[in-house]
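Coordinates as given in work17.cif (mmCIF, C-alpha atoms):
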data_query
#
loop_
_atom_site.label_atom_id
_atom_site.label_comp_id
_atom_site.auth_asym_id
_atom_site.auth_seq_id
_atom_site.Cartn_x
_atom_site.Cartn_y
_atom_site.Cartn_z
CA MET A 357 115.99 -48.74 -41.91
CA SER A 358 114.01 -48.20 -45.07
CA GLY A 359 112.36 -50.73 -47.36
CA GLY A 360 111.62 -53.31 -44.69
CA ILE A 361 115.33 -54.05 -44.23
CA ASP A 362 116.47 -54.68 -40.66
CA THR A 363 120.19 -54.47 -41.53
CA ASP A 364 122.30 -53.98 -44.64
CA LEU A 365 124.45 -57.05 -43.88
CA LEU A 366 123.56 -59.94 -41.61
CA VAL A 367 126.57 -62.01 -40.62
CA VAL A 368 125.74 -65.56 -39.51
CA GLY A 369 128.55 -66.84 -37.31
CA ALA A 370 130.97 -64.95 -35.08
CA GLY A 371 134.30 -66.58 -35.81
CA ALA A 372 137.22 -64.83 -37.48
CA CYS A 373 135.44 -64.76 -40.84
CA GLY A 374 132.26 -63.15 -39.58
CA LEU A 375 134.02 -60.65 -37.33
CA ALA A 376 136.41 -59.55 -40.10
CA ALA A 377 133.48 -59.13 -42.49
CA ALA A 378 131.53 -57.07 -39.98
CA ILE A 379 134.47 -54.75 -39.36
CA ALA A 380 135.24 -54.29 -43.06
CA ALA A 381 131.59 -53.65 -43.98
CA HIS A 382 131.05 -51.22 -41.11
CA ASP A 383 134.18 -49.27 -42.00
CA ALA A 384 132.94 -49.16 -45.61
CA GLY A 385 129.80 -47.36 -44.46
CA ILE A 386 126.97 -49.86 -44.14
CA GLN A 387 124.98 -51.23 -41.22
CA VAL A 388 125.95 -54.67 -39.96
CA ALA A 389 124.63 -57.14 -37.40
CA VAL A 390 126.24 -60.41 -36.30
CA VAL A 391 124.43 -63.43 -34.88
CA GLU A 392 126.10 -66.44 -33.27
CA LYS A 393 124.25 -69.62 -32.36
CA LEU A 394 126.46 -70.50 -29.39
CA ASP A 395 126.76 -68.55 -26.17
CA ARG A 396 130.38 -67.70 -26.94
CA PRO A 397 131.87 -66.36 -30.19
CA GLY A 398 135.10 -67.56 -31.76
CA GLY A 399 134.48 -71.07 -33.06
CA ASN A 400 137.47 -72.88 -34.51
CA SER A 401 139.35 -69.59 -34.81
CA SER A 402 139.65 -69.55 -31.02
CA LEU A 403 141.07 -73.08 -31.02
CA SER A 404 143.69 -72.38 -33.70
CA THR A 405 147.21 -70.98 -33.33
CA GLY A 406 146.03 -67.70 -34.86
CA SER A 407 148.46 -68.10 -37.77
CA VAL A 408 147.78 -66.25 -41.03
CA PRO A 409 150.18 -66.45 -44.00
CA GLY A 410 151.09 -63.18 -45.68
CA ALA A 411 153.23 -63.49 -48.81
CA GLY A 412 155.29 -60.36 -49.42
CA SER A 413 154.18 -58.52 -46.30
CA ARG A 414 156.10 -55.49 -45.10
CA TYR A 415 157.09 -57.48 -42.00
CA GLN A 416 158.81 -60.04 -44.21
CA ARG A 417 160.64 -57.29 -46.08
CA GLU A 418 161.79 -55.76 -42.81
CA ALA A 419 163.11 -59.18 -41.75
CA GLY A 420 164.95 -59.62 -45.05
CA ILE A 421 162.68 -62.44 -46.23
CA GLU A 422 161.96 -62.55 -49.96
CA ASP A 423 158.47 -63.77 -50.74
CA SER A 424 155.64 -63.20 -53.20
CA PRO A 425 152.10 -64.35 -53.94
CA ASP A 426 153.44 -66.42 -56.85
CA ARG A 427 155.80 -68.26 -54.51
CA MET A 428 152.96 -68.88 -52.07
CA VAL A 429 150.73 -70.24 -54.86
CA ALA A 430 153.51 -72.62 -55.89
CA ASP A 431 153.94 -73.76 -52.28
CA LEU A 432 150.22 -74.35 -51.76
CA GLN A 433 149.76 -76.12 -55.09
CA ALA A 434 152.71 -78.39 -54.31
CA VAL A 435 150.95 -79.48 -51.11
CA ALA A 436 147.33 -79.54 -52.27
CA GLY A 437 147.54 -80.44 -55.95
CA PRO A 438 144.76 -79.38 -58.32
CA HIS A 439 141.34 -78.97 -56.75
CA ASP A 440 137.90 -77.46 -57.23
CA ALA A 441 138.84 -74.00 -55.96
CA ASP A 442 142.18 -73.32 -57.70
CA PRO A 443 141.25 -69.68 -58.49
CA LEU A 444 140.64 -69.14 -54.78
CA THR A 445 144.22 -70.22 -54.02
CA ARG A 446 145.52 -67.48 -56.29
CA LEU A 447 143.10 -64.92 -54.84
CA MET A 448 144.05 -65.73 -51.26
CA ALA A 449 147.76 -65.56 -52.02
CA ALA A 450 147.33 -62.15 -53.65
CA GLN A 451 145.25 -60.92 -50.71
CA SER A 452 147.41 -62.43 -47.97
CA ALA A 453 149.90 -59.58 -47.43
CA PRO A 454 147.26 -56.81 -47.58
CA LEU A 455 145.19 -58.90 -45.15
CA VAL A 456 147.84 -59.20 -42.44
CA GLU A 457 148.82 -55.55 -42.87
CA TRP A 458 145.16 -54.57 -42.46
CA LEU A 459 144.90 -56.67 -39.32
CA ILE A 460 148.11 -55.39 -37.73
CA ASP A 461 148.56 -51.85 -39.05
CA GLY A 462 144.99 -51.00 -39.92
CA LEU A 463 143.18 -52.49 -36.93
CA GLY A 464 145.87 -53.00 -34.31
CA ALA A 465 145.79 -56.80 -33.94
CA ARG A 466 148.50 -58.14 -31.64
CA MET A 467 150.30 -60.23 -34.25
CA ARG A 468 153.82 -60.48 -35.62
CA LEU A 469 155.75 -62.37 -38.24
CA ILE A 470 156.80 -65.75 -36.85
CA THR A 471 160.40 -66.50 -37.78
CA GLU A 472 161.08 -69.33 -35.31
CA TYR A 473 159.58 -71.84 -37.76
CA ARG A 474 158.01 -72.07 -41.24
CA HIS A 475 155.55 -74.87 -40.59
CA VAL A 476 153.86 -77.18 -43.03
CA GLY A 477 153.56 -76.13 -46.66
CA HIS A 478 155.61 -72.93 -46.63
CA SER A 479 159.07 -72.55 -48.14
CA VAL A 480 159.82 -69.34 -46.21
CA PRO A 481 158.57 -67.89 -42.91
CA ARG A 482 155.29 -66.18 -43.81
CA LEU A 483 152.97 -66.96 -40.90
CA HIS A 484 151.80 -63.97 -38.87
CA ALA A 485 150.34 -64.84 -35.47
CA PRO A 486 149.91 -63.70 -31.88
CA SER A 487 153.10 -64.16 -29.90
CA SER A 488 151.18 -66.61 -27.69
CA ARG A 489 150.26 -68.73 -30.75
CA ARG A 490 146.70 -68.68 -29.44
CA GLY A 491 143.85 -68.02 -31.82
CA GLN A 492 141.80 -66.78 -28.89
CA ASP A 493 144.05 -63.73 -28.68
CA LEU A 494 143.24 -62.87 -32.30
CA VAL A 495 139.53 -63.46 -31.70
CA ASP A 496 139.65 -61.23 -28.62
CA ASP A 497 141.19 -58.48 -30.73
CA LEU A 498 138.50 -58.83 -33.39
CA LEU A 499 135.77 -58.77 -30.74
CA ARG A 500 137.29 -55.60 -29.34
CA PHE A 501 137.27 -53.97 -32.78
CA VAL A 502 133.62 -54.97 -33.25
CA ALA A 503 132.67 -53.55 -29.84
CA GLU A 504 134.56 -50.30 -30.46
CA ARG A 505 132.49 -49.79 -33.61
CA GLY A 506 129.21 -50.52 -31.87
CA ILE A 507 128.40 -53.39 -34.22
CA PRO A 508 125.54 -55.47 -32.75
CA LEU A 509 126.62 -59.01 -31.84
CA ALA A 510 123.97 -61.38 -30.51
CA VAL A 511 125.17 -64.71 -29.10
CA GLY A 512 122.87 -67.64 -28.35
CA ASN A 513 120.85 -66.86 -31.49
CA PRO A 514 120.92 -69.79 -33.93
CA VAL A 515 119.62 -69.15 -37.42
CA GLU A 516 116.83 -71.61 -38.14
CA ASP A 517 116.67 -71.06 -41.89
CA LEU A 518 117.40 -68.56 -44.62
CA LEU A 519 114.70 -66.39 -46.12
CA VAL A 520 114.63 -66.83 -49.89
CA GLU A 521 112.38 -64.97 -52.34
CA ASP A 522 112.53 -65.56 -56.10
CA GLY A 523 115.89 -67.28 -55.71
CA ALA A 524 117.46 -64.40 -53.77
CA VAL A 525 118.42 -64.51 -50.10
CA VAL A 526 116.62 -61.74 -48.23
CA GLY A 527 117.37 -62.58 -44.60
CA ALA A 528 117.11 -65.31 -42.00
CA ARG A 529 114.69 -66.72 -39.47
CA ILE A 530 115.87 -66.52 -35.85
CA ALA A 531 113.75 -67.74 -32.91
CA GLY A 532 110.77 -67.86 -35.22
CA GLU A 533 111.16 -64.25 -36.28
CA PRO A 534 112.20 -63.11 -39.76
CA ILE A 535 115.20 -60.78 -39.89
CA ARG A 536 115.45 -59.11 -43.27
CA ALA A 537 118.82 -58.15 -44.66
CA GLY A 538 120.10 -56.63 -47.85
CA LYS A 539 123.03 -59.06 -47.86
CA LEU A 540 123.85 -62.17 -45.84
CA LEU A 541 127.18 -63.84 -45.09
CA LEU A 542 127.47 -67.47 -44.05
CA SER A 543 130.48 -67.68 -41.72
CA THR A 544 129.32 -70.75 -39.83
CA ASN A 545 132.44 -72.92 -40.35
CA GLY A 546 132.22 -76.44 -41.76
CA PHE A 547 130.55 -79.73 -40.88
CA ALA A 548 133.16 -81.62 -38.84
CA GLY A 549 130.87 -81.60 -35.81
CA ASP A 550 128.11 -83.46 -37.67
CA ARG A 551 128.90 -87.18 -37.81
CA ASP A 552 126.40 -87.90 -40.58
CA LEU A 553 127.93 -85.30 -42.88
CA VAL A 554 131.47 -86.45 -42.05
CA ARG A 555 130.55 -90.04 -42.90
CA ARG A 556 128.98 -88.84 -46.13
CA TRP A 557 131.81 -86.63 -47.34
CA CYS A 558 134.99 -87.62 -45.40
CA PRO A 559 134.55 -91.31 -44.54
CA GLU A 560 138.28 -91.99 -43.98
CA ILE A 561 138.34 -89.78 -40.88
CA ALA A 562 134.80 -90.50 -39.65
CA GLY A 563 136.09 -92.74 -36.88
CA ALA A 564 138.42 -90.13 -35.41
CA GLU A 565 137.61 -88.08 -32.35
CA TYR A 566 136.52 -84.53 -33.15
CA PHE A 567 138.51 -81.80 -31.44
CA GLY A 568 137.06 -78.70 -33.12
CA ALA A 569 134.41 -76.19 -32.09
CA ARG A 570 130.94 -77.42 -31.18
CA GLY A 571 129.22 -75.10 -33.64
CA SER A 572 130.66 -76.64 -36.81
CA THR A 573 127.56 -78.61 -37.75
CA GLY A 574 127.13 -77.98 -41.48
CA GLU A 575 124.20 -75.58 -41.76
CA ALA A 576 125.82 -73.75 -44.68
CA VAL A 577 126.14 -76.97 -46.69
CA ARG A 578 122.55 -77.97 -46.04
CA TRP A 579 121.13 -74.52 -46.87
CA GLY A 580 123.34 -74.25 -49.92
CA GLU A 581 122.38 -77.65 -51.30
CA ARG A 582 118.71 -76.77 -50.97
CA MET A 583 119.25 -73.61 -53.01
CA GLY A 584 121.22 -75.36 -55.73
CA ALA A 585 124.58 -73.97 -54.70
CA ALA A 586 127.73 -75.62 -56.00
CA LEU A 587 129.91 -77.51 -53.52
CA GLY A 588 133.65 -78.08 -53.78
CA ASN A 589 136.49 -80.05 -52.17
CA MET A 590 134.00 -81.82 -49.93
CA ALA A 591 136.28 -84.75 -49.08
CA ALA A 592 139.11 -82.50 -47.83
CA TYR A 593 139.67 -81.90 -44.13
CA GLN A 594 142.25 -80.80 -41.59
CA GLY A 595 143.30 -83.53 -39.23
CA TYR A 596 145.70 -83.23 -36.36
CA ALA A 597 148.17 -86.03 -35.80
CA ALA A 598 149.08 -85.31 -32.19
CA VAL A 599 146.53 -84.19 -29.62
CA ALA A 600 148.08 -84.57 -26.17
CA TYR A 601 146.30 -87.22 -24.09
CA PRO A 602 144.63 -86.88 -21.66
CA GLN A 603 145.22 -83.09 -21.61
CA GLY A 604 143.25 -82.56 -24.85
CA SER A 605 145.47 -79.74 -26.13
CA LEU A 606 147.21 -79.79 -29.49
CA LEU A 607 150.80 -80.91 -29.09
CA SER A 608 152.74 -78.21 -30.92
CA TRP A 609 153.90 -79.60 -34.24
CA THR A 610 157.08 -77.62 -33.60
CA THR A 611 158.15 -80.63 -31.53
CA VAL A 612 158.07 -82.80 -34.64
CA GLU A 613 159.07 -80.22 -37.24
CA LYS A 614 162.17 -79.36 -35.24
CA GLY A 615 163.27 -83.02 -35.25
CA GLY A 616 160.98 -85.10 -33.06
CA ILE A 617 159.36 -88.38 -34.10
CA LEU A 618 156.12 -90.28 -33.54
CA VAL A 619 156.14 -93.93 -32.49
CA GLY A 620 153.60 -96.61 -31.64
CA ALA A 621 153.30 -98.70 -28.50
CA ASP A 622 156.07 -100.92 -29.84
CA GLY A 623 158.44 -97.95 -29.86
CA ARG A 624 158.70 -98.02 -33.65
CA ARG A 625 158.06 -95.25 -36.15
CA PHE A 626 155.34 -96.01 -38.69
CA GLY A 627 155.72 -93.33 -41.39
CA ASN A 628 157.24 -90.07 -42.58
CA GLU A 629 156.45 -87.24 -40.21
CA ASP A 630 157.30 -84.73 -42.96
CA ALA A 631 153.68 -85.19 -44.11
CA GLY A 632 152.74 -82.59 -41.50
CA TYR A 633 150.25 -82.46 -38.68
CA SER A 634 147.23 -82.77 -40.97
CA GLY A 635 148.49 -85.15 -43.61
CA TYR A 636 149.97 -87.46 -40.99
CA ALA A 637 146.72 -87.74 -38.99
CA PRO A 638 145.20 -90.67 -40.95
CA VAL A 639 148.56 -92.47 -40.81
CA VAL A 640 148.60 -92.16 -37.02
CA MET A 641 144.98 -93.29 -36.83
CA GLY A 642 145.78 -96.31 -38.97
CA GLN A 643 148.48 -97.63 -36.61
CA GLY A 644 146.47 -97.61 -33.39
CA GLU A 645 144.44 -95.53 -30.97
CA PHE A 646 147.47 -93.74 -29.49
CA ALA A 647 150.97 -92.72 -30.50
CA TRP A 648 153.88 -91.13 -28.63
CA ALA A 649 155.92 -88.07 -29.65
CA VAL A 650 159.61 -88.24 -28.74
CA TYR A 651 162.06 -85.30 -28.81
CA ASP A 652 164.85 -83.75 -26.76
CA ARG A 653 165.29 -80.77 -24.43
CA ARG A 654 166.45 -78.43 -27.18
CA ILE A 655 163.25 -78.98 -29.12
CA HIS A 656 161.21 -78.70 -25.92
CA ASP A 657 162.78 -75.30 -25.21
CA VAL A 658 161.67 -74.00 -28.63
CA ALA A 659 158.12 -75.28 -28.12
CA MET A 660 157.98 -73.69 -24.67
CA LEU A 661 157.68 -70.31 -26.42
CA GLU A 662 154.08 -71.34 -27.21
CA GLU A 663 151.63 -70.90 -24.34
CA GLU A 664 149.48 -73.94 -25.08
CA TYR A 665 152.52 -76.21 -25.13
CA ALA A 666 153.86 -74.67 -21.91
CA GLU A 667 150.51 -75.28 -20.20
CA MET A 668 150.43 -78.89 -21.41
CA ALA A 669 153.96 -79.41 -20.07
CA ALA A 670 153.01 -77.82 -16.75
CA MET A 671 150.14 -80.32 -16.47
CA GLY A 672 152.64 -83.17 -16.61
CA GLY A 673 152.08 -84.00 -20.25
CA VAL A 674 155.78 -84.55 -20.94
CA ARG A 675 157.68 -87.43 -19.31
CA TRP A 676 161.49 -87.36 -19.29
CA GLY A 677 164.25 -89.93 -19.29
CA GLY A 678 168.02 -89.93 -19.63
CA THR A 679 167.92 -92.68 -22.25
CA ALA A 680 165.47 -93.98 -24.82
CA GLU A 681 164.89 -97.06 -22.65
CA ALA A 682 164.20 -94.95 -19.57
CA VAL A 683 161.72 -92.60 -21.25
CA ALA A 684 159.99 -95.55 -22.92
CA THR A 685 159.58 -97.29 -19.58
CA ALA A 686 158.14 -94.11 -18.06
CA ALA A 687 155.52 -93.91 -20.83
CA GLY A 688 154.67 -97.62 -21.12
CA VAL A 689 156.27 -97.97 -24.55
CA ASP A 690 158.50 -100.91 -25.52
CA PRO A 691 162.03 -99.90 -24.37
CA ALA A 692 163.99 -102.03 -26.84
CA GLY A 693 161.85 -100.86 -29.73
CA LEU A 694 162.29 -97.18 -28.91
CA ALA A 695 166.04 -97.55 -28.34
CA ALA A 696 166.46 -99.15 -31.76
CA THR A 697 164.21 -96.52 -33.36
CA VAL A 698 166.10 -93.56 -31.89
CA ALA A 699 169.45 -95.06 -32.91
CA ALA A 700 168.30 -95.61 -36.51
CA TYR A 701 166.65 -92.19 -36.71
CA ASN A 702 169.72 -90.42 -35.36
CA ALA A 703 171.89 -92.19 -37.93
CA ALA A 704 169.63 -90.90 -40.70
CA ALA A 705 169.53 -87.39 -39.22
CA ALA A 706 173.33 -87.35 -39.06
CA GLY A 707 173.59 -88.41 -42.69
CA ARG A 708 175.07 -91.83 -41.92
CA ALA A 709 172.09 -93.74 -43.33
CA ASP A 710 168.92 -93.24 -45.34
CA ASP A 711 165.72 -92.76 -43.41
CA PRO A 712 163.59 -95.89 -44.00
CA PHE A 713 160.44 -93.77 -44.36
CA GLY A 714 161.98 -91.12 -46.60
CA ARG A 715 162.10 -88.28 -44.12
CA THR A 716 164.43 -85.49 -45.27
CA HIS A 717 163.79 -82.64 -42.82
CA PHE A 718 165.53 -83.31 -39.49
CA ASN A 719 166.24 -79.75 -38.27
CA LEU A 720 167.69 -80.04 -34.72
CA ALA A 721 168.04 -83.84 -34.85
CA PRO A 722 169.89 -86.12 -34.09
CA LEU A 723 168.15 -86.30 -30.73
CA THR A 724 170.61 -85.89 -27.88
CA GLY A 725 170.65 -85.88 -24.09
CA GLU A 726 167.48 -86.21 -22.06
CA LEU A 727 164.43 -87.26 -24.05
CA GLY A 728 160.84 -86.22 -23.57
CA ILE A 729 157.77 -88.25 -24.55
CA VAL A 730 154.10 -87.25 -24.89
CA LYS A 731 151.16 -89.61 -25.36
CA VAL A 732 148.97 -88.38 -28.22
CA LYS A 733 146.02 -89.39 -30.34
CA PRO A 734 144.94 -88.25 -33.82
CA GLY A 735 141.80 -86.27 -34.41
CA LEU A 736 139.62 -84.32 -36.81
CA PHE A 737 139.85 -80.55 -36.47
CA HIS A 738 137.76 -79.11 -39.28
CA THR A 739 136.47 -79.83 -42.77
CA GLN A 740 137.78 -78.01 -45.84
CA GLY A 741 134.91 -78.44 -48.28
CA GLY A 742 131.95 -76.15 -48.69
CA LEU A 743 130.11 -73.68 -50.90
CA MET A 744 131.87 -72.57 -54.04
CA VAL A 745 132.43 -68.82 -54.14
CA ASP A 746 133.76 -66.32 -56.67
CA ASP A 747 136.43 -63.64 -56.27
CA HIS A 748 133.93 -61.49 -54.35
CA ALA A 749 133.03 -64.32 -51.92
CA ARG A 750 129.58 -64.62 -53.51
CA VAL A 751 128.06 -68.10 -53.33
CA LEU A 752 127.77 -69.72 -56.76
CA ARG A 753 125.06 -71.94 -58.13
CA SER A 754 125.95 -75.12 -59.97
CA ASP A 755 125.65 -73.19 -63.27
CA GLY A 756 128.26 -70.67 -62.09
CA ALA A 757 125.84 -67.78 -61.47
CA PRO A 758 125.95 -66.11 -58.04
CA VAL A 759 123.10 -66.59 -55.60
CA PRO A 760 121.76 -63.04 -55.17
CA ASN A 761 122.75 -61.40 -51.87
CA LEU A 762 124.52 -64.48 -50.44
CA PHE A 763 128.19 -64.62 -49.43
CA ALA A 764 130.25 -67.32 -47.71
CA GLY A 765 133.69 -67.57 -46.19
CA GLY A 766 135.93 -69.64 -43.95
CA GLY A 767 134.80 -73.19 -43.33
CA ALA A 768 131.41 -72.52 -44.91
CA ALA A 769 133.13 -72.04 -48.28
CA ALA A 770 135.22 -74.48 -50.29
CA GLY A 771 138.78 -74.30 -49.00
CA ILE A 772 142.19 -74.36 -50.68
CA SER A 773 143.52 -77.56 -49.09
CA GLY A 774 143.05 -80.06 -51.91
CA ARG A 775 140.18 -82.06 -53.29
CA GLU A 776 140.22 -84.86 -50.72
CA GLY A 777 141.97 -86.10 -47.61
CA ALA A 778 144.16 -84.32 -45.09
CA GLY A 779 147.42 -84.06 -46.99
CA GLY A 780 146.61 -80.82 -48.79
CA TYR A 781 146.41 -78.65 -45.69
CA ALA A 782 149.15 -76.03 -45.25
CA SER A 783 149.49 -74.11 -42.00
CA GLY A 784 147.18 -71.12 -41.87
CA ASN A 785 144.91 -72.20 -44.74
CA GLY A 786 141.83 -72.12 -42.53
CA LEU A 787 142.33 -68.66 -41.06
CA LEU A 788 143.48 -67.27 -44.40
CA THR A 789 140.20 -68.17 -46.09
CA ALA A 790 138.24 -67.14 -43.00
CA LEU A 791 139.72 -63.68 -42.62
CA GLY A 792 140.44 -63.18 -46.31
CA LEU A 793 137.00 -64.11 -47.60
CA GLY A 794 135.36 -62.37 -44.65
CA ARG A 795 137.06 -59.10 -45.48
CA ILE A 796 136.31 -59.49 -49.21
CA ALA A 797 132.65 -60.28 -48.49
CA GLY A 798 132.26 -57.28 -46.19
CA LEU A 799 133.75 -54.89 -48.73
CA ARG A 800 131.74 -56.32 -51.64
CA ALA A 801 128.49 -56.28 -49.65
CA ALA A 802 129.10 -52.62 -48.80
CA GLU A 803 129.78 -51.83 -52.46
CA GLU A 804 126.55 -53.49 -53.59
CA VAL A 805 124.48 -51.83 -50.85
CA ARG A 806 125.86 -48.39 -51.64
CA ALA A 807 125.23 -48.93 -55.37
CA ARG A 808 121.59 -49.76 -54.68
CA ARG A 809 120.95 -46.64 -52.61
#
Take the structure in the file and write it out as structure tokens.
Amino acid sequence: MSGGIDTDLLVVGAGACGLAAAIAAHDAGIQVAVVEKLDRPGGNSSLSTGSVPGAGSRYQREAGIEDSPDRMVADLQAVAGPHDADPLTRLMAAQSAPLVEWLIDGLGARMRLITEYRHVGHSVPRLHAPSSRRGQDLVDDLLRFVAERGIPLAVGNPVEDLLVEDGAVVGARIAGEPIRAGKLLLSTNGFAGDRDLVRRWCPEIAGAEYFGARGSTGEAVRWGERMGAALGNMAAYQGYAAVAYPQGSLLSWTTVEKGGILVGADGRRFGNEDAGYSGYAPVVMGQGEFAWAVYDRRIHDVAMLEEEYAEMAAMGGVRWGGTAEAVATAAGVDPAGLAATVAAYNAAAAGRADDPFGRTHFNLAPLTGELGIVKVKPGLFHTQGGLMVDDHARVLRSDGAPVPNLFAGGGAAAGISGREGAGGYASGNGLLTALGLGRIAGLRAAEEVRARR
């Protein structure tokens, strides 16, 4: 390559964001290389359910579902409230349908519109995901698309630092060697795996166990701060209220959304589960180390459509009992407390009483017949704050000017899940900004490289 440039675009991080960017940039006609610090690509994208919202997609139209970017913006703003990256919410909503159509029709990703549930933050079914609900399946597809294009992907190659000349990013240092690039994308995820940064920015969840990818250690934030980049929504994060214990897998929130409840060791509920799997995480953490999810066979049968849940169940994660007292005894929960809780909850679900915690979405409840119970604990999954970017995914300085040649996406960039806390997270927000900003960055990088030639 001419001019001392080793590659047109260097992508730092091989999760969904980086892989999408590499594919988009390559298909737009520039040279791309991807480096990943761990020995295995995927990051948090592999650990997710692979769900990407698409407002107004052709798959929704075919299913008779009316949706639009404006409706999605209203949904997300209702959950997240105003925050530092409000324009990004509107951009992502506008890009969401073209994004999922590009993934499925353009690339051939094995995804479909999920109509079995809406999940947190969405007023209509708009999540598109692998049938397995495994993010690893989406990552495997993206890796296949990268390999088919011959895009270099080097794992086990951590970036030590960025190369900066006269305020512009010109590459990165890897294993002591400078790699020069015309453009560079930070797709390194967030900082949830770095306890010091979590204590600094998200102290309310600092005591929770971290269940995300090992590589999310905040390099993008540190590099960005040093260059004077603006940061946004740094106190926001995605928690998860119900990680199955001791299996370590996420208990599908379908079990709760469809009508299940969470109780403490005393068998009593302690809040409104309508807050969602992220927003409810600090509530669960505040009541004790563990909680227990309780639901019935009908709800279990719906969740069994998801591979991770089915595997957890096969490992003995669900205990069963013919009565609330029996299932409580099997799980070591107070039998009288759970019996009273289920009776009161069922009365509210049947419309015979008000729910004491204000829950209004009961779905398949009242709970009937045999009951299942799963021991769970809350955890931190990933952070939602990061580098502020513009509509082209370019990193912005504190004065609003873009840092020359530097892009960011996914967890490295400021997210759209509120200014602080876990309550602003809507299902799919993480993958939407990962894939959406990755694709935007790849296309914009290609445009700038071609214009310079």
*From the set A:Gly399, A:Gly437, A:Gly672, A:Gly420, which residue has the shortest atom-to-atom contact distance to Cys373 in chain A, counting only C-alpha atoms?*
A:Gly399
*Selection dump of the PyMOL selection byres ((chain A and resi 488-505) around 6), as a ChimeraX atom specification*: /A:401-406,465,486-487,506-507,662-663
Quick one: contact table of range 495-552 of chain A to range 359-364 of chain A, 6 Å max, nearest atom pair and distance in Å to one decimal per residue, counting all atoms listed in the file, chain and number order, as CSV?
residue,atom,partner,partner_atom,distance
A:Arg536,CA,A:Ile361,CA,5.2
A:Ala537,CA,A:Thr363,CA,5.0
A:Gly538,CA,A:Asp364,CA,4.7
Same residues, C-alpha atoms, output as a compact mmCIF listing (two decimals), in the coordinates of the input:
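So the final result, stored in result.txt, reads:
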# COMPACT_ATOMS: atom_id res chain seq x y z
CA ARG A 536 115.45 -59.11 -43.27
CA ALA A 537 118.82 -58.15 -44.66
CA GLY A 538 120.10 -56.63 -47.85
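Picture a line from CA of Gln433 in chain A to CA of Ser773 in chain A; it runs 8.8 Å.
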*Counting all atoms listed in the file, select every polymer residue within 12 Å of (143.1, -86.4, -24.2) as defined in the file's coordinates, and provide the selection as a VMD selection string.*
chain A and resid 565 to 567 598 to 607 645 to 647 668 673 730 to 735
If the PyMOL selection byres ((chain A and resi 765) around 6) were run on this exact file, what residues would it hold? Put them as a tab-separated table (two decimals) with C-alpha atoms, in the frame of the given file.
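Listing of result.tsv after writing:
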chain	number	residue	atom	x	y	z
A	543	SER	CA	130.48	-67.68	-41.72
A	764	ALA	CA	130.25	-67.32	-47.71
A	766	GLY	CA	135.93	-69.64	-43.95
A	768	ALA	CA	131.41	-72.52	-44.91
A	769	ALA	CA	133.13	-72.04	-48.28
A	790	ALA	CA	138.24	-67.14	-43.00
A	793	LEU	CA	137.00	-64.11	-47.60
A	794	GLY	CA	135.36	-62.37	-44.65
*How many Å lie between CA of Gly595 in chain A and CA of Tyr781 in chain A, rounded to one decimal?*
8.7 Å
*Restricting the calculation to only C-alpha atoms, which member of A:Gly644, A:Asp550, A:Ala419, A:Gln740 is positioned closest to Arg775 in chain A?*
A:Gln740
*Just so the selection is clear, what residues does the PyMOL selection byres ((chain A and resi 388) around 12) cover here, as a PyMOL selection string?*
chain A and resi 357+361-368+374-387+389-391+502+505-510+536-541+798-799+801-802+805
Could you build a table of the residues in range 448-496 of chain A lying no more than 12 Å from range 609-629 of chain A, giving for each the nearest pair of atoms and their separation in Å rounded to one decimal place, using all atoms listed in the file, ordered by chain and ascending residue number, as a tab-separated table?
residue	atom	partner	partner_atom	distance
A:Glu472	CA	A:Thr610	CA	9.4
A:Tyr473	CA	A:Thr610	CA	7.5
A:Arg474	CA	A:Glu613	CA	9.1
A:His475	CA	A:Glu613	CA	7.2
A:Val476	CA	A:Glu613	CA	8.4
A:Gly477	CA	A:Glu613	CA	11.7
A:Arg489	CA	A:Thr610	CA	11.6
*Of the candidates A:Asp440, A:Asp552, A:Asp657, A:Glu560, which shows the shortest atom-to-atom distance to Thr573 in chain A, using only C-alpha atoms?*
A:Asp552
*Is there a way to get, as a PyMOL selection string, all residues within 8 Å of the point (120.1, -72.1, -36.2) in file coordinates, counting all atoms listed in the file?*
chain A and resi 393+513-517+530+575
*asked:* Rounded to one decimal, what separation in Å do you get between CA of Ala695 in chain A and CA of Asp711 in chain A?
replied: 15.8 Å
*Residue neighbourhood Phe547 in chain A, 8 Å, only C-alpha atoms, exclusion window fewer than 6 positions, as JSON, numbers by chain*: {"A": [553, 554, 572, 573, 574, 575, 577, 738, 739]}
*Using all atoms listed in the file, determine which residues lie at most 12 Å from Val456 in chain A, disregarding the query and same-chain residues fewer than 3 positions distant; provide the list as JSON, numbers by chain.*
{"A": [376, 406, 407, 408, 409, 410, 411, 412, 413, 414, 415, 416, 448, 449, 450, 451, 452, 453, 459, 460, 461, 462, 463, 464, 465, 466, 467, 468, 469, 482, 483, 484, 485, 486, 494, 784, 787, 788, 791, 792, 795]}
Any idea what's packed within 7 Å of Ile772 in chain A, counting only C-alpha atoms, ignoring anything in its chain fewer than 3 positions away? Could you give it as a CSV table (one decimal) with C-alpha atoms, in the coordinates of the input?
chain,number,residue,atom,x,y,z
A,441,ALA,CA,138.8,-74.0,-56.0
A,444,LEU,CA,140.6,-69.1,-54.8
A,445,THR,CA,144.2,-70.2,-54.0
A,785,ASN,CA,144.9,-72.2,-44.7
